[in-house]
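Structure below is start.cif: mmCIF, C-alpha atoms and all ligand atoms.
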data_start
loop_
_atom_site.label_atom_id
_atom_site.label_comp_id
_atom_site.auth_asym_id
_atom_site.auth_seq_id
_atom_site.Cartn_x
_atom_site.Cartn_y
_atom_site.Cartn_z
CA MET A 1 71.92 100.74 102.62
CA LEU A 2 74.65 98.25 101.66
CA VAL A 3 72.25 96.31 99.50
CA ALA A 4 70.97 99.51 97.89
CA HIS A 5 74.58 100.53 97.27
CA ALA A 6 75.40 97.17 95.65
CA LEU A 7 72.32 97.39 93.49
CA ALA A 8 73.25 100.90 92.35
CA GLN A 9 76.71 99.63 91.32
CA VAL A 10 75.19 96.79 89.29
CA ARG A 11 72.72 99.16 87.61
CA ARG A 12 75.53 101.55 86.69
CA ALA A 13 77.56 98.71 85.17
CA LEU A 14 74.59 97.33 83.26
CA ALA A 15 73.92 100.76 81.77
CA LEU A 16 77.26 100.67 79.90
CA PRO A 17 77.17 100.17 76.14
CA GLY A 18 77.59 96.59 74.96
CA VAL A 19 76.55 95.08 78.30
CA PRO A 20 73.60 92.63 78.22
CA GLN A 21 70.33 94.13 79.42
CA SER A 22 68.47 90.90 80.11
CA GLY A 23 68.90 87.14 80.20
CA ARG A 24 70.44 85.05 82.97
CA LEU A 25 72.46 86.56 85.81
CA LEU A 26 74.53 84.74 88.44
CA GLU A 27 75.62 86.20 91.77
CA LEU A 28 78.86 84.67 93.06
CA GLY A 29 78.91 84.31 96.85
CA CYS A 30 75.24 85.12 97.27
CA GLY A 31 75.28 84.53 101.04
CA ASP A 32 71.79 84.74 102.51
CA GLY A 33 70.48 86.23 99.28
CA CYS A 34 70.06 89.83 100.42
CA ILE A 35 71.45 91.19 97.13
CA THR A 36 70.26 88.25 95.01
CA VAL A 37 66.64 88.85 95.84
CA ARG A 38 66.84 92.53 94.95
CA LEU A 39 68.58 91.75 91.67
CA ALA A 40 65.75 89.37 90.82
CA ARG A 41 63.02 91.83 91.82
CA GLU A 42 64.46 94.89 90.15
CA LEU A 43 66.30 93.76 87.05
CA PRO A 44 65.01 92.05 83.91
CA PHE A 45 67.18 88.96 84.49
CA ALA A 46 66.48 85.43 85.65
CA VAL A 47 68.72 85.35 88.72
CA SER A 48 70.81 82.51 90.14
CA GLY A 49 73.06 82.50 93.18
CA VAL A 50 75.81 80.24 94.46
CA ASP A 51 77.44 80.06 97.86
CA ILE A 52 79.74 77.54 99.49
CA VAL A 53 77.96 77.69 102.87
CA PRO A 54 74.88 75.42 102.98
CA LEU A 55 73.19 77.50 105.71
CA ALA A 56 73.55 80.68 103.63
CA VAL A 57 71.93 78.99 100.64
CA ALA A 58 69.14 77.63 102.88
CA LEU A 59 68.47 81.16 104.20
CA ALA A 60 68.46 82.58 100.68
CA ALA A 61 65.97 79.90 99.66
CA GLN A 62 63.56 81.16 102.34
CA ARG A 63 63.23 84.55 100.69
CA GLU A 64 59.77 84.88 99.33
CA GLY A 65 57.99 86.57 96.49
CA VAL A 66 60.63 86.01 93.86
CA GLU A 67 61.98 83.13 91.84
CA LEU A 68 65.66 82.40 92.43
CA GLU A 69 67.80 79.51 91.30
CA LEU A 70 70.14 78.80 94.22
CA ARG A 71 72.92 76.26 94.40
CA GLN A 72 75.37 75.34 97.08
CA GLY A 73 78.80 75.06 95.54
CA SER A 74 82.17 76.62 95.05
CA VAL A 75 83.05 79.47 92.75
CA LEU A 76 86.15 77.41 91.93
CA ALA A 77 83.97 74.81 90.18
CA LEU A 78 80.67 76.42 89.28
CA PRO A 79 77.79 73.96 88.89
CA TRP A 80 76.58 75.33 85.54
CA PRO A 81 77.55 74.54 81.95
CA ASP A 82 79.74 76.70 79.73
CA GLY A 83 78.17 79.89 78.39
CA HIS A 84 75.05 79.64 80.58
CA PHE A 85 74.89 83.25 81.85
CA ASP A 86 74.66 86.70 80.30
CA ALA A 87 75.96 88.44 83.39
CA VAL A 88 77.93 87.38 86.45
CA VAL A 89 78.02 89.61 89.53
CA ASP A 90 80.67 89.29 92.20
CA GLY A 91 78.59 89.81 95.34
CA ASN A 92 81.55 91.05 97.43
CA LEU A 93 83.08 87.59 97.14
CA LEU A 94 86.30 88.10 95.18
CA HIS A 95 88.18 89.62 98.12
CA CYS A 96 87.46 86.37 100.03
CA ILE A 97 89.27 84.36 97.34
CA VAL A 98 93.02 84.29 97.76
CA LEU A 99 96.26 83.41 95.98
CA GLY A 100 95.99 80.89 93.13
CA ASP A 101 92.26 80.41 93.69
CA ARG A 102 91.61 83.90 92.32
CA ALA A 103 92.63 82.94 88.77
CA ARG A 104 90.57 79.79 89.10
CA CYS A 105 87.50 81.74 90.22
CA LEU A 106 87.83 84.24 87.37
CA ALA A 107 88.34 81.39 84.89
CA GLU A 108 85.09 79.86 86.11
CA ALA A 109 83.25 83.18 85.76
CA TRP A 110 84.59 83.41 82.19
CA ARG A 111 83.58 79.81 81.44
CA VAL A 112 79.94 80.17 82.52
CA LEU A 113 79.50 83.47 80.65
CA ALA A 114 78.20 83.46 77.11
CA PRO A 115 80.29 85.31 74.52
CA GLY A 116 79.37 88.98 74.92
CA GLY A 117 78.47 88.47 78.58
CA ALA A 118 79.52 90.80 81.39
CA LEU A 119 81.29 90.34 84.69
CA ILE A 120 80.66 92.94 87.38
CA VAL A 121 83.16 92.89 90.23
CA MET A 122 82.64 94.67 93.55
CA CYS A 123 85.52 94.17 95.93
CA LEU A 124 87.87 95.69 98.48
CA ALA A 125 90.72 97.64 96.93
CA GLY A 126 93.78 99.37 98.28
CA ASP A 127 95.52 98.89 101.58
CA PRO A 128 93.76 97.29 104.54
CA PRO A 129 92.27 99.44 107.29
CA PRO A 130 94.43 100.08 110.40
CA SER A 131 92.94 97.17 112.37
CA ALA A 132 93.95 94.67 109.68
CA VAL A 133 97.41 96.03 108.91
CA PHE A 134 99.23 93.80 111.42
CA ALA A 135 98.20 90.64 109.59
CA PHE A 136 98.70 92.03 106.09
CA ASP A 137 101.28 90.43 103.84
CA PRO A 138 102.24 93.01 101.17
CA VAL A 139 103.65 90.33 98.87
CA THR A 140 100.47 88.28 98.50
CA ARG A 141 98.29 91.28 99.51
CA CYS A 142 96.43 88.92 101.82
CA GLN A 143 95.53 89.15 105.44
CA ILE A 144 97.14 86.10 107.07
CA ARG A 145 95.92 84.73 110.39
CA ASP A 146 97.21 81.54 112.02
CA GLY A 147 99.06 80.76 108.82
CA VAL A 148 95.96 80.92 106.65
CA ALA A 149 95.39 83.59 104.03
CA GLY A 150 92.02 85.29 104.40
CA ARG A 151 90.94 88.47 102.68
CA HIS A 152 92.73 89.75 99.59
CA PHE A 153 93.25 93.50 99.18
CA ALA A 154 93.76 94.06 95.46
CA THR A 155 95.23 97.24 94.10
CA GLN A 156 93.35 98.87 91.24
CA GLU A 157 96.14 97.86 88.87
CA SER A 158 96.38 94.26 90.12
CA LEU A 159 92.63 93.71 89.85
CA LEU A 160 92.46 95.04 86.30
CA ALA A 161 95.46 92.88 85.36
CA GLU A 162 93.84 89.76 86.87
CA LEU A 163 90.64 90.38 84.91
CA THR A 164 92.49 90.98 81.67
CA ALA A 165 94.57 87.82 82.17
CA ALA A 166 91.36 85.86 82.75
CA GLY A 167 89.98 86.87 79.34
CA PHE A 168 87.96 90.00 80.10
CA GLU A 169 87.97 93.42 78.48
CA ILE A 170 87.55 96.26 80.94
CA ALA A 171 84.50 98.34 80.02
CA ALA A 172 84.69 100.71 82.99
CA HIS A 173 85.91 100.85 86.56
CA TRP A 174 85.45 103.20 89.45
CA LEU A 175 86.47 103.55 93.06
CA ASN A 176 84.08 104.13 95.94
CA PRO A 177 86.25 105.64 98.68
CA ALA A 178 85.81 104.34 102.22
CA THR A 179 83.48 106.46 104.30
CA HIS A 180 84.92 105.28 107.61
CA ALA A 181 88.53 104.90 108.86
CA GLU A 182 88.02 101.20 109.52
CA GLU A 183 86.72 100.50 106.04
CA CYS A 184 88.58 99.92 102.83
CA ASP A 185 87.95 101.50 99.44
CA GLU A 186 85.71 99.53 97.12
CA MET A 187 86.50 99.00 93.48
CA VAL A 188 83.82 98.22 90.93
CA VAL A 189 84.76 96.86 87.54
CA ALA A 190 82.48 96.17 84.60
CA ALA A 191 84.19 93.77 82.24
CA ARG A 192 83.12 92.12 79.02
CA TRP A 193 83.79 88.52 78.08
CA ALA A 194 86.47 88.38 75.38
CA SER A 195 87.62 85.38 73.45
CA ILE A 196 90.94 83.92 74.48
CA THR A 197 92.95 81.57 72.36
CA GLN A 198 95.06 80.03 75.08
CA ARG A 199 94.98 80.15 78.85
CA ASP A 200 97.92 79.33 81.10
CA PRO A 201 96.63 76.18 82.85
CA SER A 202 99.03 76.39 85.79
CA PRO A 203 96.77 78.36 88.17
CA LEU A 204 93.75 76.29 87.26
CA ARG A 205 94.57 73.04 89.01
CA PRO A 206 92.32 72.01 91.90
CA SER A 207 93.27 74.16 94.87
CA SER A 208 94.28 71.09 96.93
CA TRP A 209 97.10 70.59 94.41
CA ASN A 210 97.88 74.20 93.99
CA PRO A 211 101.27 75.12 95.41
CA CYS A 212 99.83 78.61 95.89
CA SER A 213 97.00 77.42 98.14
CA PRO A 214 96.96 79.54 101.31
CA ARG A 215 98.14 77.02 103.88
CA ILE A 216 100.81 75.52 101.65
CA SER A 217 102.32 78.82 100.54
CA VAL A 218 102.48 80.16 104.08
CA THR A 219 104.11 76.92 105.24
CA LEU A 220 106.56 77.18 102.34
CA SER A 221 107.40 80.79 103.22
CA ILE A 222 108.04 79.87 106.86
CA GLY A 223 110.13 76.88 105.79
CA LEU A 224 112.17 79.00 103.39
CA SER A 225 112.75 81.67 106.05
CA LEU A 226 114.05 78.99 108.42
CA VAL A 227 116.42 77.73 105.76
CA VAL A 228 117.62 81.21 104.83
CA PHE A 229 118.10 82.40 108.41
CA SER A 230 119.51 79.20 109.93
CA PRO A 231 123.17 79.56 110.94
CA ILE A 232 125.52 77.61 108.69
CA PRO A 233 127.14 74.80 110.71
CA SER A 234 130.91 75.28 110.95
C1 LIG B 1 81.22 88.97 102.02
S1 LIG B 1 80.06 87.67 101.79
C2 LIG B 1 78.91 88.41 100.67
C3 LIG B 1 77.53 87.84 100.78
C4 LIG B 1 76.47 88.57 99.95
N1 LIG B 1 76.77 88.55 98.53
C5 LIG B 1 76.34 90.00 100.44
O1 LIG B 1 76.91 90.90 99.80
O2 LIG B 1 75.72 90.20 101.49
C6 LIG B 1 80.97 86.55 100.76
C7 LIG B 1 80.24 85.25 100.50
O3 LIG B 1 81.06 84.44 99.67
C8 LIG B 1 80.92 83.09 100.08
N2 LIG B 1 82.09 82.34 99.63
C9 LIG B 1 83.38 82.43 100.07
N3 LIG B 1 84.17 81.58 99.40
C10 LIG B 1 83.39 80.94 98.49
C11 LIG B 1 83.62 79.96 97.51
N4 LIG B 1 84.84 79.43 97.30
N5 LIG B 1 82.58 79.54 96.74
C12 LIG B 1 81.34 80.05 96.92
N6 LIG B 1 81.05 80.99 97.86
C13 LIG B 1 82.06 81.43 98.64
C14 LIG B 1 80.79 83.16 101.59
O4 LIG B 1 80.17 82.01 102.13
C15 LIG B 1 79.95 84.43 101.77
O5 LIG B 1 78.57 84.15 101.82
#

Let me see the file written as structure tokens.
Amino acid sequence: MLVAHALAQVRRALALPGVPQSGRLLELGCGDGCITVRLARELPFAVSGVDIVPLAVALAAQREGVELELRQGSVLALPWPDGHFDAVVDGNLLHCIVLGDRARCLAEAWRVLAPGGALIVMCLAGDPPPSAVFAFDPVTRCQIRDGVAGRHFATQESLLAELTAAGFEIAAHWLNPATHAEECDEMVVAARWASITQRDPSPLRPSSWNPCSPRISVTLSIGLSLVVFSPIPS
């Protein structure tokens, strides 16, 4: 059902005018390949997938009856050359990417797309479900556990702004409301590659340097709170 749902979202996005109908397609965060394999079977694209977890990529590679190009790697440094793909699909990955890494991930999606290519995003949107509210930081819109930022809950506006800032033109977007109280709404965005003359390089440093990286920013926030709330010695 979830895979069928994802596939229906991709089909709807690909049916939009000006979106490539064939060529090379990359799924970001392909996991064990459950969506990747269906994309390859049912769409007229040569399909690639990337995931950071070696076991997930190994499982995806065991799927039979279809040709997939699978690579283990990070969406923050995609192992493909510039302009290689006609379409990039966010396989429910973008909400796993937090803080400054989000701009880096979108910049990589933009880099590997050919001019005229399309990015299809499928991610959580809106406020977290009741069970996740306690760990939700409304400033970063991340769920923070043990000082580490996990899932990101974009708003519709923030997601569209992130995509536009990364060099995409929004072709269409729609919301799939949660069907269960413990779920979150899903936002789907179909965006077209647009040329950009200059990109702000500040969010694009390696995440280990990035002052916005999850652990560092949480540590900074705690440190700042201690400074602000410490009594002034008399
Ligand atoms: C929610 S799962 C989605 C898996 C699959 N697309 C699906 O829908 O069943 C998100 C996937 O993103 C992968 N992931 C998270 N961070 C990543 C990163 N920085 N680079 C590449 N993959 C990443 C995870 O390993 C996981 O397999």

Write as a PDB file with C-alpha atoms, keeping the file's coordinate frame the residues around ligand LIG 1 (chain B), taking 6 Å as the cut-off and counting only C-alpha atoms and all ligand atoms.
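File produced: pocket-v6.pdb:
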ATOM      1  CA  GLY A  29      78.910  84.310  96.850  1.00  0.00           C
ATOM      2  CA  CYS A  30      75.240  85.120  97.270  1.00  0.00           C
ATOM      3  CA  GLY A  31      75.280  84.530 101.040  1.00  0.00           C
ATOM      4  CA  CYS A  34      70.060  89.830 100.420  1.00  0.00           C
ATOM      5  CA  ASP A  51      77.440  80.060  97.860  1.00  0.00           C
ATOM      6  CA  ILE A  52      79.740  77.540  99.490  1.00  0.00           C
ATOM      7  CA  VAL A  53      77.960  77.690 102.870  1.00  0.00           C
ATOM      8  CA  GLY A  73      78.800  75.060  95.540  1.00  0.00           C
ATOM      9  CA  SER A  74      82.170  76.620  95.050  1.00  0.00           C
ATOM     10  CA  VAL A  75      83.050  79.470  92.750  1.00  0.00           C
ATOM     11  CA  LEU A  76      86.150  77.410  91.930  1.00  0.00           C
ATOM     12  CA  GLY A  91      78.590  89.810  95.340  1.00  0.00           C
ATOM     13  CA  ASN A  92      81.550  91.050  97.430  1.00  0.00           C
ATOM     14  CA  LEU A  93      83.080  87.590  97.140  1.00  0.00           C
ATOM     15  CA  CYS A  96      87.460  86.370 100.030  1.00  0.00           C
TER      16      CYS A  96
END

Could you check which of A:Ala109, A:Pro130, A:Ala58, A:Arg104 is closest to Pro81 of chain A, using all atoms listed in the file?
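Looking only at the distances to Pro81 of chain A, the closest residue turns out to be A:Ala109.
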
Point-to-point distance from atom CA of Leu119 of chain A to atom CA of Gln21 of chain A, Å rounded to tenths
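Result for atom CA of Leu119 of chain A versus atom CA of Gln21 of chain A: 12.7 Å, one decimal.
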
Spatial neighbours of segment 2-12 of chain A, 9 Å, only C-alpha atoms, chain gap at least 3 places, as JSON, numbers by chain:
{"A": [15, 16, 34, 35, 38, 39, 42, 43, 89, 91, 92, 120, 121, 122, 188, 190]}

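Between atom CA of Asn176 of chain A and atom CA of Ala46 of chain A there is a distance of 27.7 Å.
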
Taking 2 positions as the minimum chain separation for residues in the same chain, which residues sit within 10 Å of Gly18 of chain A when counting only C-alpha atoms? Answer as a PDB file with C-alpha atoms, keeping the file's coordinate frame.
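Output file around_2.pdb is given in full below:
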ATOM      1  CA  LEU A  14      74.590  97.330  83.260  1.00  0.00           C
ATOM      2  CA  ALA A  15      73.920 100.760  81.770  1.00  0.00           C
ATOM      3  CA  LEU A  16      77.260 100.670  79.900  1.00  0.00           C
ATOM      4  CA  PRO A  20      73.600  92.630  78.220  1.00  0.00           C
ATOM      5  CA  GLN A  21      70.330  94.130  79.420  1.00  0.00           C
ATOM      6  CA  GLY A 116      79.370  88.980  74.920  1.00  0.00           C
ATOM      7  CA  GLY A 117      78.470  88.470  78.580  1.00  0.00           C
ATOM      8  CA  ALA A 118      79.520  90.800  81.390  1.00  0.00           C
ATOM      9  CA  ALA A 171      84.500  98.340  80.020  1.00  0.00           C
ATOM     10  CA  ARG A 192      83.120  92.120  79.020  1.00  0.00           C
TER      11      ARG A 192
END

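The coordinates place atom CA of Leu106 of chain A at 15.2 Å from atom CA of His84 of chain A.
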
Selection: 9 Å around Gly150 of chain A, only C-alpha atoms, excl. self and same-chain fewer than 5 positions, as an mmCIF file with C-alpha atoms, in the coordinates of the input:
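The resulting around.cif:
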data_model
loop_
_atom_site.group_PDB
_atom_site.id
_atom_site.type_symbol
_atom_site.label_atom_id
_atom_site.label_comp_id
_atom_site.auth_asym_id
_atom_site.auth_seq_id
_atom_site.Cartn_x
_atom_site.Cartn_y
_atom_site.Cartn_z
ATOM 1 C CA HIS A 95 88.180 89.620 98.120
ATOM 2 C CA CYS A 96 87.460 86.370 100.030
ATOM 3 C CA ILE A 97 89.270 84.360 97.340
ATOM 4 C CA VAL A 98 93.020 84.290 97.760
ATOM 5 C CA CYS A 142 96.430 88.920 101.820
ATOM 6 C CA GLN A 143 95.530 89.150 105.440
ATOM 7 C CA ILE A 144 97.140 86.100 107.070
ATOM 8 C CA ARG A 145 95.920 84.730 110.390
ATOM 9 C CA PRO A 214 96.960 79.540 101.310
#

Hey, which of A:Val88, A:Val19, A:Leu159, A:Val189 ends up closest to Gly126 of chain A? Count all atoms listed in the file.
A:Leu159

For Pro129 of chain A, work out the shell of residues within 10 Å, counting all atoms listed in the file and skipping chain neighbours fewer than 4 positions away, then give it as a PyMOL selection string.
chain A and resi 133-134+136+178+180-185

Neighbours of Trp110 of chain A within 8 Å (all atoms listed in the file; same-chain residues fewer than 4 positions away dropped), as a PyMOL selection string?
chain A and resi 106+166-168+193

In terms of the shortest atom-to-atom distance over only C-alpha atoms, which of A:Gly33, A:Pro128, A:Pro79, A:Gly147 is closest to Arg63 of chain A?
A:Gly33

Closest to Leu113 of chain A among A:Ala194, A:Leu59, A:Leu175, A:Ala13, using all atoms listed in the file?
A:Ala194
